[in-house]
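Quick look at final.cif (mmCIF, N, CA and C atoms):
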```cif
data_protein
#
loop_
_atom_site.label_atom_id
_atom_site.label_comp_id
_atom_site.auth_asym_id
_atom_site.auth_seq_id
_atom_site.Cartn_x
_atom_site.Cartn_y
_atom_site.Cartn_z
N ARG A 1 194.87 44.43 78.50
CA ARG A 1 195.80 43.41 78.95
C ARG A 1 195.88 43.41 80.46
N ALA A 2 196.10 42.26 81.02
CA ALA A 2 196.29 42.13 82.46
C ALA A 2 197.74 41.77 82.74
N PHE A 3 198.31 42.42 83.74
CA PHE A 3 199.70 42.21 84.09
C PHE A 3 199.79 41.66 85.50
N THR A 4 200.71 40.75 85.73
CA THR A 4 200.90 40.22 87.07
C THR A 4 201.67 41.23 87.90
N ALA A 5 201.55 41.07 89.20
CA ALA A 5 202.26 41.97 90.11
C ALA A 5 203.76 41.84 89.93
N GLU A 6 204.24 40.61 89.69
CA GLU A 6 205.67 40.39 89.50
C GLU A 6 206.17 41.14 88.26
N TYR A 7 205.38 41.07 87.19
CA TYR A 7 205.75 41.75 85.94
C TYR A 7 205.81 43.26 86.17
N LYS A 8 204.79 43.78 86.85
CA LYS A 8 204.74 45.22 87.11
C LYS A 8 205.95 45.66 87.92
N LEU A 9 206.26 44.90 88.98
CA LEU A 9 207.41 45.26 89.81
C LEU A 9 208.71 45.19 89.03
N ALA A 10 208.84 44.17 88.17
CA ALA A 10 210.07 44.03 87.37
C ALA A 10 210.22 45.19 86.40
N ILE A 11 209.14 45.59 85.74
CA ILE A 11 209.19 46.69 84.77
C ILE A 11 209.50 48.01 85.48
N VAL A 12 208.85 48.24 86.63
CA VAL A 12 209.10 49.47 87.38
C VAL A 12 210.57 49.54 87.79
N ALA A 13 211.10 48.44 88.29
CA ALA A 13 212.50 48.42 88.72
C ALA A 13 213.43 48.66 87.53
N GLU A 14 213.17 47.98 86.40
CA GLU A 14 214.00 48.16 85.21
C GLU A 14 213.92 49.59 84.71
N TYR A 15 212.72 50.16 84.70
CA TYR A 15 212.50 51.53 84.22
C TYR A 15 213.24 52.53 85.11
N GLU A 16 213.15 52.34 86.42
CA GLU A 16 213.80 53.28 87.34
C GLU A 16 215.32 53.21 87.26
N ASN A 17 215.85 52.03 86.98
CA ASN A 17 217.30 51.86 86.93
C ASN A 17 217.89 52.20 85.57
N ALA A 18 217.06 52.38 84.56
CA ALA A 18 217.55 52.69 83.22
C ALA A 18 217.95 54.16 83.12
N PRO A 19 219.00 54.45 82.35
CA PRO A 19 219.34 55.86 82.10
C PRO A 19 218.21 56.54 81.33
N ASN A 20 218.13 57.85 81.41
CA ASN A 20 217.03 58.59 80.78
C ASN A 20 216.84 58.26 79.31
N GLY A 21 217.89 58.10 78.56
CA GLY A 21 217.76 57.84 77.13
C GLY A 21 217.21 56.46 76.79
N GLU A 22 217.25 55.53 77.75
CA GLU A 22 216.83 54.16 77.47
C GLU A 22 215.45 53.83 78.02
N LYS A 23 214.84 54.73 78.73
CA LYS A 23 213.53 54.45 79.33
C LYS A 23 212.46 54.26 78.25
N GLY A 24 212.52 55.07 77.21
CA GLY A 24 211.56 54.94 76.12
C GLY A 24 211.71 53.61 75.40
N ALA A 25 212.94 53.11 75.29
CA ALA A 25 213.18 51.82 74.63
C ALA A 25 212.51 50.69 75.40
N ILE A 26 212.54 50.77 76.72
CA ILE A 26 211.88 49.74 77.54
C ILE A 26 210.38 49.77 77.28
N LEU A 27 209.81 50.97 77.27
CA LEU A 27 208.37 51.09 77.03
C LEU A 27 207.98 50.55 75.65
N ARG A 28 208.78 50.89 74.63
CA ARG A 28 208.48 50.40 73.27
C ARG A 28 208.61 48.89 73.19
N ARG A 29 209.66 48.35 73.80
CA ARG A 29 209.89 46.91 73.77
C ARG A 29 208.73 46.15 74.39
N GLU A 30 208.19 46.68 75.49
CA GLU A 30 207.12 46.00 76.22
C GLU A 30 205.73 46.41 75.73
N GLY A 31 205.66 47.43 74.87
CA GLY A 31 204.36 47.90 74.39
C GLY A 31 203.57 48.61 75.47
N LEU A 32 204.26 49.38 76.29
CA LEU A 32 203.64 50.07 77.42
C LEU A 32 203.69 51.58 77.22
N TYR A 33 202.95 52.28 78.05
CA TYR A 33 202.98 53.74 78.08
C TYR A 33 203.60 54.17 79.41
N SER A 34 204.11 55.37 79.44
CA SER A 34 204.71 55.86 80.68
C SER A 34 203.68 55.93 81.80
N SER A 35 202.41 56.12 81.44
CA SER A 35 201.35 56.17 82.45
C SER A 35 201.23 54.84 83.18
N HIS A 36 201.51 53.73 82.47
CA HIS A 36 201.50 52.42 83.15
C HIS A 36 202.53 52.41 84.27
N VAL A 37 203.74 52.82 83.93
CA VAL A 37 204.84 52.80 84.90
C VAL A 37 204.54 53.74 86.07
N ILE A 38 204.00 54.91 85.77
CA ILE A 38 203.67 55.88 86.82
C ILE A 38 202.62 55.29 87.76
N GLU A 39 201.59 54.70 87.19
CA GLU A 39 200.52 54.10 88.00
C GLU A 39 201.06 52.96 88.85
N TRP A 40 201.89 52.11 88.25
CA TRP A 40 202.44 50.98 88.99
C TRP A 40 203.40 51.44 90.08
N THR A 41 204.15 52.51 89.83
CA THR A 41 205.06 53.04 90.84
C THR A 41 204.27 53.58 92.02
N ARG A 42 203.21 54.30 91.75
CA ARG A 42 202.37 54.82 92.83
C ARG A 42 201.74 53.69 93.63
N ALA A 43 201.29 52.66 92.92
CA ALA A 43 200.68 51.52 93.59
C ALA A 43 201.72 50.82 94.48
N ARG A 44 202.93 50.68 93.99
CA ARG A 44 203.99 50.04 94.77
C ARG A 44 204.29 50.85 96.02
N GLU A 45 204.39 52.18 95.87
CA GLU A 45 204.69 53.04 97.00
C GLU A 45 203.57 53.04 98.03
N ALA A 46 202.34 52.86 97.57
CA ALA A 46 201.19 52.83 98.48
C ALA A 46 200.97 51.44 99.06
N GLY A 47 201.76 50.46 98.60
CA GLY A 47 201.61 49.10 99.09
C GLY A 47 200.44 48.37 98.48
N ARG A 48 199.95 48.85 97.37
CA ARG A 48 198.79 48.23 96.73
C ARG A 48 199.17 47.36 95.55
N LEU A 49 200.44 47.21 95.26
CA LEU A 49 200.83 46.43 94.09
C LEU A 49 200.87 44.97 94.46
N GLY A 50 199.75 44.32 94.23
CA GLY A 50 199.62 42.89 94.51
C GLY A 50 198.60 42.32 93.56
N GLY A 51 198.56 41.03 93.44
CA GLY A 51 197.63 40.44 92.49
C GLY A 51 196.37 39.95 93.17
N GLY A 52 195.47 39.43 92.37
CA GLY A 52 194.28 38.76 92.87
C GLY A 52 193.21 39.69 93.39
N PRO A 53 192.42 39.17 94.36
CA PRO A 53 191.25 39.89 94.84
C PRO A 53 191.56 41.20 95.56
N ALA A 54 192.76 41.34 96.09
CA ALA A 54 193.09 42.57 96.80
C ALA A 54 192.98 43.78 95.88
N GLU A 55 193.38 43.63 94.63
CA GLU A 55 193.30 44.75 93.69
C GLU A 55 191.85 45.11 93.38
N SER A 56 190.98 44.10 93.24
CA SER A 56 189.60 44.40 92.90
C SER A 56 188.87 45.04 94.07
N ALA A 57 189.29 44.75 95.31
CA ALA A 57 188.64 45.35 96.48
C ALA A 57 189.16 46.76 96.74
N ALA A 58 190.33 47.07 96.28
CA ALA A 58 190.94 48.37 96.57
C ALA A 58 190.13 49.56 96.08
N PRO A 59 189.57 49.54 94.85
CA PRO A 59 188.84 50.73 94.41
C PRO A 59 187.66 51.09 95.30
N ALA A 60 186.93 50.11 95.83
CA ALA A 60 185.80 50.43 96.69
C ALA A 60 186.28 51.09 97.97
N THR A 61 187.33 50.56 98.57
CA THR A 61 187.87 51.15 99.77
C THR A 61 188.43 52.53 99.48
N ARG A 62 189.15 52.64 98.37
CA ARG A 62 189.74 53.91 97.99
C ARG A 62 188.65 54.94 97.73
N GLY A 63 187.50 54.50 97.18
CA GLY A 63 186.40 55.41 96.91
C GLY A 63 185.85 56.01 98.18
N ARG A 64 185.66 55.18 99.21
CA ARG A 64 185.17 55.70 100.49
C ARG A 64 186.21 56.61 101.11
N ARG A 65 187.45 56.21 101.04
CA ARG A 65 188.52 57.03 101.60
C ARG A 65 188.60 58.34 100.82
N SER A 66 188.41 58.26 99.52
CA SER A 66 188.45 59.48 98.70
C SER A 66 187.36 60.45 99.11
N ALA A 67 186.18 59.93 99.36
CA ALA A 67 185.08 60.80 99.76
C ALA A 67 185.42 61.49 101.08
N GLU A 68 186.01 60.73 102.00
CA GLU A 68 186.42 61.33 103.28
C GLU A 68 187.53 62.34 103.07
N GLN A 69 188.47 62.00 102.21
CA GLN A 69 189.57 62.92 101.94
C GLN A 69 189.07 64.18 101.25
N ILE A 70 188.12 64.02 100.34
CA ILE A 70 187.54 65.18 99.66
C ILE A 70 186.85 66.08 100.67
N GLU A 71 186.06 65.48 101.58
CA GLU A 71 185.36 66.25 102.60
C GLU A 71 186.36 66.93 103.53
N LEU A 72 187.40 66.20 103.92
CA LEU A 72 188.43 66.77 104.79
C LEU A 72 189.13 67.95 104.12
N GLU A 73 189.46 67.79 102.85
CA GLU A 73 190.11 68.88 102.10
C GLU A 73 189.18 70.08 101.97
N ARG A 74 187.89 69.83 101.73
CA ARG A 74 186.92 70.92 101.63
C ARG A 74 186.83 71.67 102.96
N LEU A 75 186.80 70.92 104.05
CA LEU A 75 186.72 71.56 105.37
C LEU A 75 188.00 72.32 105.70
N ARG A 76 189.15 71.80 105.27
CA ARG A 76 190.40 72.51 105.50
C ARG A 76 190.43 73.83 104.73
N ARG A 77 189.98 73.78 103.45
CA ARG A 77 189.93 75.01 102.66
C ARG A 77 188.97 76.02 103.29
N GLN A 78 187.81 75.52 103.74
CA GLN A 78 186.83 76.40 104.37
C GLN A 78 187.42 77.02 105.64
N ASN A 79 188.12 76.21 106.43
CA ASN A 79 188.74 76.71 107.66
C ASN A 79 189.79 77.77 107.34
N GLU A 80 190.62 77.52 106.33
CA GLU A 80 191.63 78.51 105.93
C GLU A 80 190.98 79.81 105.49
N LYS A 81 189.88 79.71 104.74
CA LYS A 81 189.17 80.90 104.29
C LYS A 81 188.59 81.68 105.47
N LEU A 82 188.01 80.95 106.43
CA LEU A 82 187.44 81.61 107.60
C LEU A 82 188.53 82.28 108.45
N ILE A 83 189.66 81.62 108.58
CA ILE A 83 190.78 82.21 109.33
C ILE A 83 191.25 83.48 108.62
N SER A 84 191.34 83.43 107.30
CA SER A 84 191.75 84.60 106.51
C SER A 84 190.73 85.73 106.67
N ASP A 85 189.44 85.40 106.59
CA ASP A 85 188.40 86.41 106.75
C ASP A 85 188.44 87.03 108.14
N LEU A 86 188.69 86.20 109.15
CA LEU A 86 188.77 86.71 110.52
C LEU A 86 189.94 87.67 110.66
N ALA A 87 191.08 87.32 110.08
CA ALA A 87 192.25 88.20 110.14
C ALA A 87 191.95 89.53 109.45
N LYS A 88 191.27 89.48 108.30
CA LYS A 88 190.92 90.72 107.60
C LYS A 88 189.96 91.58 108.42
N THR A 89 189.00 90.92 109.07
CA THR A 89 188.03 91.65 109.88
C THR A 89 188.72 92.31 111.07
N ARG A 90 189.62 91.57 111.71
CA ARG A 90 190.36 92.14 112.85
C ARG A 90 191.20 93.33 112.40
N MET A 91 191.83 93.21 111.24
CA MET A 91 192.65 94.30 110.72
C MET A 91 191.78 95.51 110.41
N ALA A 92 190.61 95.27 109.81
CA ALA A 92 189.70 96.38 109.49
C ALA A 92 189.23 97.07 110.77
N LEU A 93 188.92 96.29 111.81
CA LEU A 93 188.50 96.89 113.08
C LEU A 93 189.63 97.70 113.70
N ASP A 94 190.84 97.21 113.61
CA ASP A 94 191.99 97.94 114.13
C ASP A 94 192.15 99.27 113.39
N ILE A 95 192.03 99.23 112.07
CA ILE A 95 192.15 100.45 111.25
C ILE A 95 191.02 101.42 111.60
N MET A 96 189.80 100.89 111.75
CA MET A 96 188.67 101.76 112.09
C MET A 96 188.89 102.42 113.46
N GLY A 97 189.43 101.65 114.41
CA GLY A 97 189.71 102.22 115.74
C GLY A 97 190.74 103.33 115.66
N LYS A 98 191.79 103.11 114.87
CA LYS A 98 192.83 104.13 114.71
C LYS A 98 192.29 105.36 113.99
N ALA A 99 191.45 105.13 112.96
CA ALA A 99 190.85 106.25 112.24
C ALA A 99 189.95 107.07 113.16
N HIS A 100 189.17 106.37 113.99
CA HIS A 100 188.29 107.06 114.94
C HIS A 100 189.11 107.91 115.91
N ALA A 101 190.21 107.33 116.43
CA ALA A 101 191.06 108.07 117.37
C ALA A 101 191.68 109.28 116.68
N LEU A 102 192.10 109.14 115.44
CA LEU A 102 192.70 110.25 114.70
C LEU A 102 191.67 111.35 114.46
N LEU A 103 190.47 110.98 114.04
CA LEU A 103 189.43 111.98 113.81
C LEU A 103 189.05 112.70 115.10
N GLU A 104 189.02 111.96 116.19
CA GLU A 104 188.71 112.56 117.48
C GLU A 104 189.79 113.58 117.88
N GLU A 105 191.04 113.20 117.65
CA GLU A 105 192.16 114.09 117.95
C GLU A 105 192.13 115.33 117.06
N LEU A 106 191.83 115.15 115.78
CA LEU A 106 191.73 116.29 114.87
C LEU A 106 190.59 117.21 115.27
N SER A 107 189.49 116.62 115.69
CA SER A 107 188.34 117.40 116.09
C SER A 107 188.67 118.24 117.32
N GLU A 108 189.37 117.67 118.27
CA GLU A 108 189.75 118.42 119.48
C GLU A 108 190.75 119.52 119.15
N SER A 109 191.68 119.24 118.24
CA SER A 109 192.68 120.25 117.90
C SER A 109 192.06 121.41 117.13
N THR A 110 191.06 121.17 116.34
CA THR A 110 190.41 122.27 115.62
C THR A 110 189.60 123.12 116.58
N ASP A 111 189.05 122.51 117.61
CA ASP A 111 188.31 123.29 118.61
C ASP A 111 189.25 124.22 119.36
N GLU A 112 190.47 123.76 119.65
CA GLU A 112 191.43 124.57 120.39
C GLU A 112 192.07 125.64 119.51
N ASP A 113 192.17 125.41 118.21
CA ASP A 113 192.83 126.35 117.30
C ASP A 113 191.92 127.50 116.89
N ARG A 114 190.69 127.45 117.17
CA ARG A 114 189.78 128.53 116.76
C ARG A 114 190.09 129.79 117.56
N PRO A 115 190.16 130.90 116.87
CA PRO A 115 190.37 132.15 117.61
C PRO A 115 189.09 132.49 118.39
N PRO A 116 189.29 133.12 119.50
CA PRO A 116 188.08 133.47 120.29
C PRO A 116 187.19 134.42 119.51
N THR A 117 185.95 134.22 119.63
CA THR A 117 184.98 135.09 118.93
C THR A 117 184.61 136.27 119.82
N ARG A 118 184.43 137.45 119.21
CA ARG A 118 184.05 138.65 119.97
C ARG A 118 182.55 138.76 119.98
N SER A 119 182.06 139.01 121.10
CA SER A 119 180.63 139.19 121.19
C SER A 119 180.27 140.63 121.41
#
```
Go ahead and render the structure in this file as structure tokens.
Amino acid sequence: RAFTAEYKLAIVAEYENAPNGEKGAILRREGLYSSHVIEWTRAREAGRLGGGPAESAAPATRGRRSAEQIELERLRRQNEKLISDLAKTRMALDIMGKAHALLEELSESTDEDRPPTRS
């Protein structure tokens, strides 16, 4: 079925203003699913709820935007991972430096604690 933009807006408004117990009655009366209302609400919020050729052109534009958004999200995740790895590496180097200093100090203290040997 095809729905006009006016119909979609009217149903979304009626659904949002209905008390929780009556929302299902609206869906049954109109023969709709809650997914219809969710999709139409998102479209309204994004400014895409309109009729005619604008709707048919939207998926192509959204597809290109989606590819860019997917790439951007992938790069953000990669950047976060690299930042995390860098922090771990810096922490490991700090620990290694402290361990080296401790071992050096222990080595010097054992040299000083040795009793003199008799020759």
> Which one is closest to Val12 of chain A: A:Lys88, A:Arg77, A:His36, A:Arg48? Count all atoms listed in the file.
Replying inline: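 Checking each candidate against Val12 of chain A, we get A:His36 as the closest.
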>> Which of segment 17-108 of chain A end up as alpha helix (DSSP H) when DSSP is run on this backbone - answer as a ChimeraX atom specification?
In response: /A:17,23-30,34-46,53-108
> What gap, in Å, lies between atom CA of Ile11 of chain A and atom CA of Val37 of chain A?
Replying inline: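 Those two atoms sit 7.5 Å apart.
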>> One number please: atom CA of Ala99 of chain A to atom N of Glu112 of chain A, in Å, one decimal.
In response: 19.0 Å
> Mind pulling up the distance from atom N of Ile38 of chain A to atom C of Lys23 of chain A?
Replying inline: 11.3 Å
> For Ala5 of chain A, which residue among A:Ser107, A:Gln78, A:Gln69, A:Thr41 is the nearest when counting only C-alpha atoms?
Replying inline: A:Thr41
